[in-house]
Amino acid sequence: MSERAQFATKMGVIATSVGSAVGLGNIWRFPYEAGVHGGGAFILIYILCVLLLGIPVIIAEFVIGRSTHKNANSAIKLLAPGSKFRYVSYIGIIASVMILSFYSVVAGWILEYLFQSIIGNLNGHTSQEYSEMFNSLTGSPWRSVLWTTLFLGANFFILRKGVQKGIERISNLLMPILFLLLLLFCVNSLLLPNAQKGIEFMFRPDFTQISPSMIVGAMGQAFFSLSLGLTCLLTYASYFNDKTPLVKSATIIAILDTFVAILAGIIIFPAVFSFGAEPTAGPKLVFEILPNIFQQMPGGYLWSIAFFILLFFASITSTISMSEIFITFCTEEYRMSRKKATRINIAIALVLGTLCALSFNSLSHITLFDKTVFDLFDYISSNIMLPAGGFILAVFVGWVMNKNIVKKQLTNNGELNVRTMRPILFCIKYVAPIAIVVIFLYVIGFFDYVSTLLF
Ligand code: TRP
């Protein structure tokens, strides 16, 4: 690849990465995972994961991408010729397609909810009816496949026309509006009767809730929400220029992303308790709660339309970033045309996405480890592949890469005085890799096994 474009402004860098990070992971997945895992304690561990694993791994991805201006595979080949670490790009490609598949199903639900809002059907029902509405959508094979296909079609169109920069620009304009809308919804939720209970659920940790599945869930959620471990941010960083401050950008991205997730929680949980719903509802949580919120707001009809449109844009900037991993790899490593790479990427996602959509209805009986195709894709990619990718990238930057290159990258060739350099390098080298391995061992029951041997 001869000439690669570069982001012209710092705003471009942060906005694009935030565009990738902020999406359904924050607004749909975070509240449901926090709800399933008991609230406060999950959120606390989630925040620890963002600080100790998330920020260091974002920086590791940035360092590899910006120091080489190449995709993961060529970057690692260049930095450490002959090293097997480059196989991390295959984890990235496989997991990115898996995530794109189930993510498109959920984004499809957003489209249906947008449609229902527009025709005025999201108003004037009971909680029970909203619950039935969601079940009838996911229970209908043709409706869920149709919306998934439409969402992937929109992705295809954007990537194919090469207008993703334009979409990102529109999205950058819309994201601050989404942010304001979320703030407003927060105020509304805090004023609901019983709101207090929701806030306590989120911010008063109950440490008896801590379990292996909760910790691995919090780690997976942190990686998912920050778009980490799949070399997605690495690919974006390969377009950064030499002036981009890596540590500062990574910190801003992590803070903004976490802030949006917490806002989503403050919108959902007071409402959950106010409407007498269950926080443990799982993937359907926000889809059952949001319509209840909108209908008690003055002007709810318009708020709901605006919200689902903005969420659609937030989702599409995230899925564009997933596709970019696959497309950049195919065009740069196999000299495939961009059009062909896009076609293949979307075609695979369409087949797998259809399976995910059908796993709520016609294929719901097909399960492995008690999980449907949708759940399995989500679990394997988010909780296993992303942290595994993050582990490999952190070890590579901490132990394999030339230290001088790493330091030069963090300080922009000595121009910046990065006071947090030592703790960051320490986290990349020790804390992140060790924590990821320990969490994996914990979840497979290794420590229980050892304690039965010892006692
Ligand atoms: N972070 C995005 C969200 O929260 C999802 C996402 C986009 C992602 N690109 C990714 C997750 C790459 C993992 C890897 O919605």
# chains A, B, ... in the order shown; residues from 1 in each chain; ligands from 1

call {"tool": "residues_around", "arguments": {"residues": "Ser381 in chain A", "least_positions_apart": "2", "cutoff": "9 Å", "atoms": "only C-alpha atoms", "output": "ChimeraX atom specification"}}
result
/A:94-96,98-99,220,224,376-379,383-387

call {"tool": "closest_atom_pairs", "arguments": {"of": "range 248-357 of chain A", "to": "range 75-90 of chain A", "cutoff": "12 Å", "atoms": "only C-alpha atoms", "output": "tab-separated table"}}
result
residue	atom	partner	partner_atom	distance
A:Ile325	CA	A:Ser89	CA	8.7
A:Phe326	CA	A:Ser89	CA	9.4
A:Thr328	CA	A:Ser89	CA	11.0
A:Phe329	CA	A:Ser89	CA	8.4
A:Cys330	CA	A:Ser89	CA	11.3
A:Glu332	CA	A:Ala75	CA	11.3
A:Glu333	CA	A:Ser89	CA	11.2

call {"tool": "write_last_selection", "arguments": {"atoms": "C-alpha atoms", "output": "PDB file, in the first residue's frame"}}
result
ATOM      1  CA  ILE A 325     -10.534  -4.699  10.176  1.00  0.00           C
ATOM      2  CA  PHE A 326     -11.521  -7.321   7.602  1.00  0.00           C
ATOM      3  CA  THR A 328      -7.998  -3.434   5.438  1.00  0.00           C
ATOM      4  CA  PHE A 329      -6.570  -6.920   5.948  1.00  0.00           C
ATOM      5  CA  CYS A 330      -7.879  -8.286   2.636  1.00  0.00           C
ATOM      6  CA  GLU A 332      -3.434  -4.870   2.074  1.00  0.00           C
ATOM      7  CA  GLU A 333      -2.431  -8.494   2.600  1.00  0.00           C
TER       8      GLU A 333
END

call {"tool": "residues_near_ligand", "arguments": {"ligand": "ligand 1", "cutoff": "6 Å", "atoms": "only C-alpha atoms and all ligand atoms", "output": "count of residues only"}}
result
18

call {"tool": "closest_residue", "arguments": {"among": "A:Ile45, A:Ile93, A:Val57, A:Leu191", "to": "Ala432 in chain A", "atoms": "only C-alpha atoms"}}
result
A:Val57

call {"tool": "residues_around", "arguments": {"residues": "range 280-282 of chain A", "least_positions_apart": "6", "cutoff": "9 Å", "atoms": "only C-alpha atoms", "output": "number ranges by chain"}}
result
A: 29, 31-38

call {"tool": "closest_residue", "arguments": {"among": "A:Leu100, A:Leu137, A:Ile405, A:Ile316", "to": "Tyr113 in chain A", "atoms": "only C-alpha atoms"}}
result
A:Leu137

call {"tool": "atom_distance", "arguments": {"atom1": "CA of Ser189 in chain A", "atom2": "CA of Ile267 in chain A"}}
result
5.4 Å

call {"tool": "atom_distance", "arguments": {"atom1": "CA of Gln6 in chain A", "atom2": "CA of Phe396 in chain A"}}
result
24.7 Å

call {"tool": "residues_around", "arguments": {"residues": "range 253-255 of chain A", "least_positions_apart": "3", "cutoff": "12 Å", "atoms": "only C-alpha atoms", "output": "ChimeraX atom specification"}}
result
/A:11,13-22,26,46-59,222-228,233,246-250,258-262

call {"tool": "residues_around", "arguments": {"residues": "Ile118 in chain A", "least_positions_apart": "4", "cutoff": "12 Å", "atoms": "only C-alpha atoms", "output": "JSON, numbers by chain"}}
result
{"A": [111, 112, 113, 114, 122, 123, 300, 301, 302, 303, 304, 305, 306, 307, 308, 309]}

call {"tool": "closest_residue", "arguments": {"among": "A:Arg66, A:Arg335, A:Lys429, A:Arg419", "to": "Asp242 in chain A", "atoms": "only C-alpha atoms"}}
result
A:Arg66

call {"tool": "atom_distance", "arguments": {"atom1": "CA of Ala60 in chain A", "atom2": "CA of Ala394 in chain A"}}
result
5.9 Å

call {"tool": "residues_around", "arguments": {"residues": "Ala341 in chain A", "least_positions_apart": "3", "cutoff": "6 Å", "atoms": "only C-alpha atoms", "output": "mmCIF file with N, CA and C atoms, in the first residue's frame"}}
result
data_model
loop_
_atom_site.group_PDB
_atom_site.id
_atom_site.type_symbol
_atom_site.label_atom_id
_atom_site.label_comp_id
_atom_site.auth_asym_id
_atom_site.auth_seq_id
_atom_site.Cartn_x
_atom_site.Cartn_y
_atom_site.Cartn_z
ATOM 1 N N ILE A 327 -11.645 -5.561 5.943
ATOM 2 C CA ILE A 327 -11.386 -4.971 4.625
ATOM 3 C C ILE A 327 -9.924 -4.534 4.487
ATOM 4 N N ARG A 338 -11.173 -3.313 -2.762
ATOM 5 C CA ARG A 338 -11.991 -2.921 -1.615
ATOM 6 C C ARG A 338 -13.425 -3.400 -1.775
ATOM 7 N N ILE A 344 -17.472 -9.661 0.471
ATOM 8 C CA ILE A 344 -17.261 -10.903 1.227
ATOM 9 C C ILE A 344 -17.601 -10.692 2.702
#

call {"tool": "residues_around", "arguments": {"residues": "Leu358 in chain A", "least_positions_apart": "5", "cutoff": "9 Å", "atoms": "only C-alpha atoms", "output": "ChimeraX atom specification"}}
result
/A:138-142,144-145,353,363-364,373-374

call {"tool": "closest_residue", "arguments": {"among": "A:Gly40, A:Phe287, A:Leu180, A:Gly398", "to": "Leu263 in chain A", "atoms": "only C-alpha atoms"}}
result
A:Leu180

call {"tool": "select_by_dssp", "arguments": {"residues": "range 71-291 of chain A", "states": "alpha helix (DSSP H)", "output": "VMD selection string"}}
result
chain A and resid 72 to 79 88 to 118 127 to 139 141 to 160 164 to 190 195 to 203 212 to 225 232 to 237 246 to 274 285 to 291

call {"tool": "decode", "arguments": {"residues": "range 236-252 of chain A", "atoms": "all heavy atoms", "output": "PDB file, in the first residue's frame"}}
result
ATOM      1  N   TYR A 236      -7.096   1.912  13.143  1.00  0.00           N
ATOM      2  CA  TYR A 236      -7.350   3.359  13.114  1.00  0.00           C
ATOM      3  C   TYR A 236      -6.067   4.139  13.404  1.00  0.00           C
ATOM      4  O   TYR A 236      -5.795   5.156  12.773  1.00  0.00           O
ATOM      5  CB  TYR A 236      -8.431   3.731  14.135  1.00  0.00           C
ATOM      6  CG  TYR A 236      -9.848   3.565  13.603  1.00  0.00           C
ATOM      7  CD1 TYR A 236     -10.079   3.023  12.340  1.00  0.00           C
ATOM      8  CD2 TYR A 236     -10.942   3.973  14.333  1.00  0.00           C
ATOM      9  CE1 TYR A 236     -11.361   2.874  11.847  1.00  0.00           C
ATOM     10  CE2 TYR A 236     -12.239   3.828  13.848  1.00  0.00           C
ATOM     11  CZ  TYR A 236     -12.441   3.276  12.604  1.00  0.00           C
ATOM     12  OH  TYR A 236     -13.714   3.140  12.125  1.00  0.00           O
ATOM     13  N   ALA A 237      -5.279   3.642  14.377  1.00  0.00           N
ATOM     14  CA  ALA A 237      -4.066   4.369  14.754  1.00  0.00           C
ATOM     15  C   ALA A 237      -3.045   4.387  13.622  1.00  0.00           C
ATOM     16  O   ALA A 237      -2.172   5.251  13.580  1.00  0.00           O
ATOM     17  CB  ALA A 237      -3.443   3.744  16.000  1.00  0.00           C
ATOM     18  N   SER A 238      -3.174   3.426  12.698  1.00  0.00           N
ATOM     19  CA  SER A 238      -2.227   3.430  11.584  1.00  0.00           C
ATOM     20  C   SER A 238      -2.451   4.654  10.690  1.00  0.00           C
ATOM     21  O   SER A 238      -1.633   4.969   9.849  1.00  0.00           O
ATOM     22  CB  SER A 238      -2.340   2.130  10.785  1.00  0.00           C
ATOM     23  OG  SER A 238      -3.578   2.075  10.122  1.00  0.00           O
ATOM     24  N   TYR A 239      -3.578   5.314  10.872  1.00  0.00           N
ATOM     25  CA  TYR A 239      -3.842   6.553  10.117  1.00  0.00           C
ATOM     26  C   TYR A 239      -3.532   7.817  10.926  1.00  0.00           C
ATOM     27  O   TYR A 239      -3.707   8.917  10.428  1.00  0.00           O
ATOM     28  CB  TYR A 239      -5.315   6.600   9.674  1.00  0.00           C
ATOM     29  CG  TYR A 239      -5.709   5.478   8.748  1.00  0.00           C
ATOM     30  CD1 TYR A 239      -6.386   4.368   9.217  1.00  0.00           C
ATOM     31  CD2 TYR A 239      -5.381   5.521   7.392  1.00  0.00           C
ATOM     32  CE1 TYR A 239      -6.744   3.325   8.375  1.00  0.00           C
ATOM     33  CE2 TYR A 239      -5.730   4.482   6.550  1.00  0.00           C
ATOM     34  CZ  TYR A 239      -6.412   3.393   7.042  1.00  0.00           C
ATOM     35  OH  TYR A 239      -6.747   2.369   6.213  1.00  0.00           O
ATOM     36  N   PHE A 240      -3.124   7.660  12.176  1.00  0.00           N
ATOM     37  CA  PHE A 240      -2.809   8.841  12.990  1.00  0.00           C
ATOM     38  C   PHE A 240      -1.531   9.506  12.478  1.00  0.00           C
ATOM     39  O   PHE A 240      -0.651   8.840  11.951  1.00  0.00           O
ATOM     40  CB  PHE A 240      -2.541   8.462  14.455  1.00  0.00           C
ATOM     41  CG  PHE A 240      -3.742   8.003  15.238  1.00  0.00           C
ATOM     42  CD1 PHE A 240      -4.993   7.922  14.658  1.00  0.00           C
ATOM     43  CD2 PHE A 240      -3.605   7.655  16.574  1.00  0.00           C
ATOM     44  CE1 PHE A 240      -6.094   7.487  15.392  1.00  0.00           C
ATOM     45  CE2 PHE A 240      -4.697   7.223  17.315  1.00  0.00           C
ATOM     46  CZ  PHE A 240      -5.932   7.137  16.723  1.00  0.00           C
ATOM     47  N   ASN A 241      -1.414  10.827  12.694  1.00  0.00           N
ATOM     48  CA  ASN A 241      -0.146  11.469  12.344  1.00  0.00           C
ATOM     49  C   ASN A 241       0.754  11.558  13.578  1.00  0.00           C
ATOM     50  O   ASN A 241       0.366  11.158  14.669  1.00  0.00           O
ATOM     51  CB  ASN A 241      -0.391  12.840  11.689  1.00  0.00           C
ATOM     52  CG  ASN A 241      -1.008  13.825  12.659  1.00  0.00           C
ATOM     53  OD1 ASN A 241      -0.768  13.736  13.870  1.00  0.00           O
ATOM     54  ND2 ASN A 241      -1.802  14.747  12.156  1.00  0.00           N
ATOM     55  N   ASP A 242       1.963  12.083  13.369  1.00  0.00           N
ATOM     56  CA  ASP A 242       2.956  12.036  14.449  1.00  0.00           C
ATOM     57  C   ASP A 242       2.643  12.952  15.620  1.00  0.00           C
ATOM     58  O   ASP A 242       3.278  12.891  16.661  1.00  0.00           O
ATOM     59  CB  ASP A 242       4.342  12.407  13.898  1.00  0.00           C
ATOM     60  CG  ASP A 242       4.795  11.355  12.912  1.00  0.00           C
ATOM     61  OD1 ASP A 242       4.268  10.228  13.006  1.00  0.00           O
ATOM     62  OD2 ASP A 242       5.620  11.669  12.046  1.00  0.00           O
ATOM     63  N   LYS A 243       1.694  13.839  15.419  1.00  0.00           N
ATOM     64  CA  LYS A 243       1.387  14.799  16.482  1.00  0.00           C
ATOM     65  C   LYS A 243       0.326  14.283  17.458  1.00  0.00           C
ATOM     66  O   LYS A 243       0.132  14.855  18.528  1.00  0.00           O
ATOM     67  CB  LYS A 243       0.872  16.113  15.886  1.00  0.00           C
ATOM     68  CG  LYS A 243       1.891  16.843  15.027  1.00  0.00           C
ATOM     69  CD  LYS A 243       2.466  18.021  15.795  1.00  0.00           C
ATOM     70  CE  LYS A 243       3.526  18.754  15.021  1.00  0.00           C
ATOM     71  NZ  LYS A 243       4.724  17.931  14.760  1.00  0.00           N
ATOM     72  N   THR A 244      -0.393  13.232  17.065  1.00  0.00           N
ATOM     73  CA  THR A 244      -1.470  12.746  17.935  1.00  0.00           C
ATOM     74  C   THR A 244      -0.914  12.292  19.283  1.00  0.00           C
ATOM     75  O   THR A 244      -0.051  11.421  19.325  1.00  0.00           O
ATOM     76  CB  THR A 244      -2.180  11.546  17.276  1.00  0.00           C
ATOM     77  OG1 THR A 244      -2.540  11.915  15.949  1.00  0.00           O
ATOM     78  CG2 THR A 244      -3.402  11.138  18.064  1.00  0.00           C
ATOM     79  N   PRO A 245      -1.395  12.868  20.382  1.00  0.00           N
ATOM     80  CA  PRO A 245      -0.908  12.410  21.692  1.00  0.00           C
ATOM     81  C   PRO A 245      -1.620  11.106  22.065  1.00  0.00           C
ATOM     82  O   PRO A 245      -2.824  11.102  22.314  1.00  0.00           O
ATOM     83  CB  PRO A 245      -1.319  13.540  22.638  1.00  0.00           C
ATOM     84  CG  PRO A 245      -2.429  14.262  21.949  1.00  0.00           C
ATOM     85  CD  PRO A 245      -2.403  13.927  20.492  1.00  0.00           C
ATOM     86  N   LEU A 246      -0.881  10.001  22.067  1.00  0.00           N
ATOM     87  CA  LEU A 246      -1.531   8.696  22.216  1.00  0.00           C
ATOM     88  C   LEU A 246      -2.150   8.481  23.589  1.00  0.00           C
ATOM     89  O   LEU A 246      -3.284   8.031  23.705  1.00  0.00           O
ATOM     90  CB  LEU A 246      -0.530   7.575  21.919  1.00  0.00           C
ATOM     91  CG  LEU A 246       0.072   7.572  20.518  1.00  0.00           C
ATOM     92  CD1 LEU A 246       0.872   6.294  20.297  1.00  0.00           C
ATOM     93  CD2 LEU A 246      -0.993   7.700  19.440  1.00  0.00           C
ATOM     94  N   VAL A 247      -1.381   8.831  24.633  1.00  0.00           N
ATOM     95  CA  VAL A 247      -1.872   8.547  25.985  1.00  0.00           C
ATOM     96  C   VAL A 247      -3.122   9.384  26.273  1.00  0.00           C
ATOM     97  O   VAL A 247      -4.137   8.884  26.764  1.00  0.00           O
ATOM     98  CB  VAL A 247      -0.776   8.842  27.027  1.00  0.00           C
ATOM     99  CG1 VAL A 247      -1.313   8.706  28.439  1.00  0.00           C
ATOM    100  CG2 VAL A 247       0.408   7.921  26.807  1.00  0.00           C
ATOM    101  N   LYS A 248      -3.028  10.658  25.906  1.00  0.00           N
ATOM    102  CA  LYS A 248      -4.150  11.546  26.162  1.00  0.00           C
ATOM    103  C   LYS A 248      -5.387  11.094  25.365  1.00  0.00           C
ATOM    104  O   LYS A 248      -6.493  11.043  25.903  1.00  0.00           O
ATOM    105  CB  LYS A 248      -3.734  12.959  25.731  1.00  0.00           C
ATOM    106  CG  LYS A 248      -4.571  14.035  26.320  1.00  0.00           C
ATOM    107  CD  LYS A 248      -3.871  15.362  26.068  1.00  0.00           C
ATOM    108  CE  LYS A 248      -4.822  16.517  26.097  1.00  0.00           C
ATOM    109  NZ  LYS A 248      -4.153  17.726  25.576  1.00  0.00           N
ATOM    110  N   SER A 249      -5.177  10.753  24.092  1.00  0.00           N
ATOM    111  CA  SER A 249      -6.330  10.333  23.286  1.00  0.00           C
ATOM    112  C   SER A 249      -6.960   9.080  23.873  1.00  0.00           C
ATOM    113  O   SER A 249      -8.190   8.980  23.971  1.00  0.00           O
ATOM    114  CB  SER A 249      -5.911  10.043  21.842  1.00  0.00           C
ATOM    115  OG  SER A 249      -5.195  11.116  21.317  1.00  0.00           O
ATOM    116  N   ALA A 250      -6.111   8.112  24.262  1.00  0.00           N
ATOM    117  CA  ALA A 250      -6.647   6.863  24.807  1.00  0.00           C
ATOM    118  C   ALA A 250      -7.471   7.142  26.064  1.00  0.00           C
ATOM    119  O   ALA A 250      -8.551   6.577  26.254  1.00  0.00           O
ATOM    120  CB  ALA A 250      -5.501   5.906  25.135  1.00  0.00           C
ATOM    121  N   THR A 251      -6.949   8.054  26.889  1.00  0.00           N
ATOM    122  CA  THR A 251      -7.663   8.356  28.130  1.00  0.00           C
ATOM    123  C   THR A 251      -9.000   9.029  27.841  1.00  0.00           C
ATOM    124  O   THR A 251     -10.030   8.675  28.425  1.00  0.00           O
ATOM    125  CB  THR A 251      -6.797   9.282  29.018  1.00  0.00           C
ATOM    126  OG1 THR A 251      -5.466   8.742  29.042  1.00  0.00           O
ATOM    127  CG2 THR A 251      -7.319   9.364  30.425  1.00  0.00           C
ATOM    128  N   ILE A 252      -8.980   9.965  26.902  1.00  0.00           N
ATOM    129  CA  ILE A 252     -10.240  10.657  26.583  1.00  0.00           C
ATOM    130  C   ILE A 252     -11.267   9.662  26.040  1.00  0.00           C
ATOM    131  O   ILE A 252     -12.440   9.665  26.425  1.00  0.00           O
ATOM    132  CB  ILE A 252      -9.994  11.787  25.554  1.00  0.00           C
ATOM    133  CG1 ILE A 252      -9.120  12.870  26.180  1.00  0.00           C
ATOM    134  CG2 ILE A 252     -11.320  12.374  25.082  1.00  0.00           C
ATOM    135  CD1 ILE A 252      -8.748  13.990  25.241  1.00  0.00           C
TER     136      ILE A 252
END
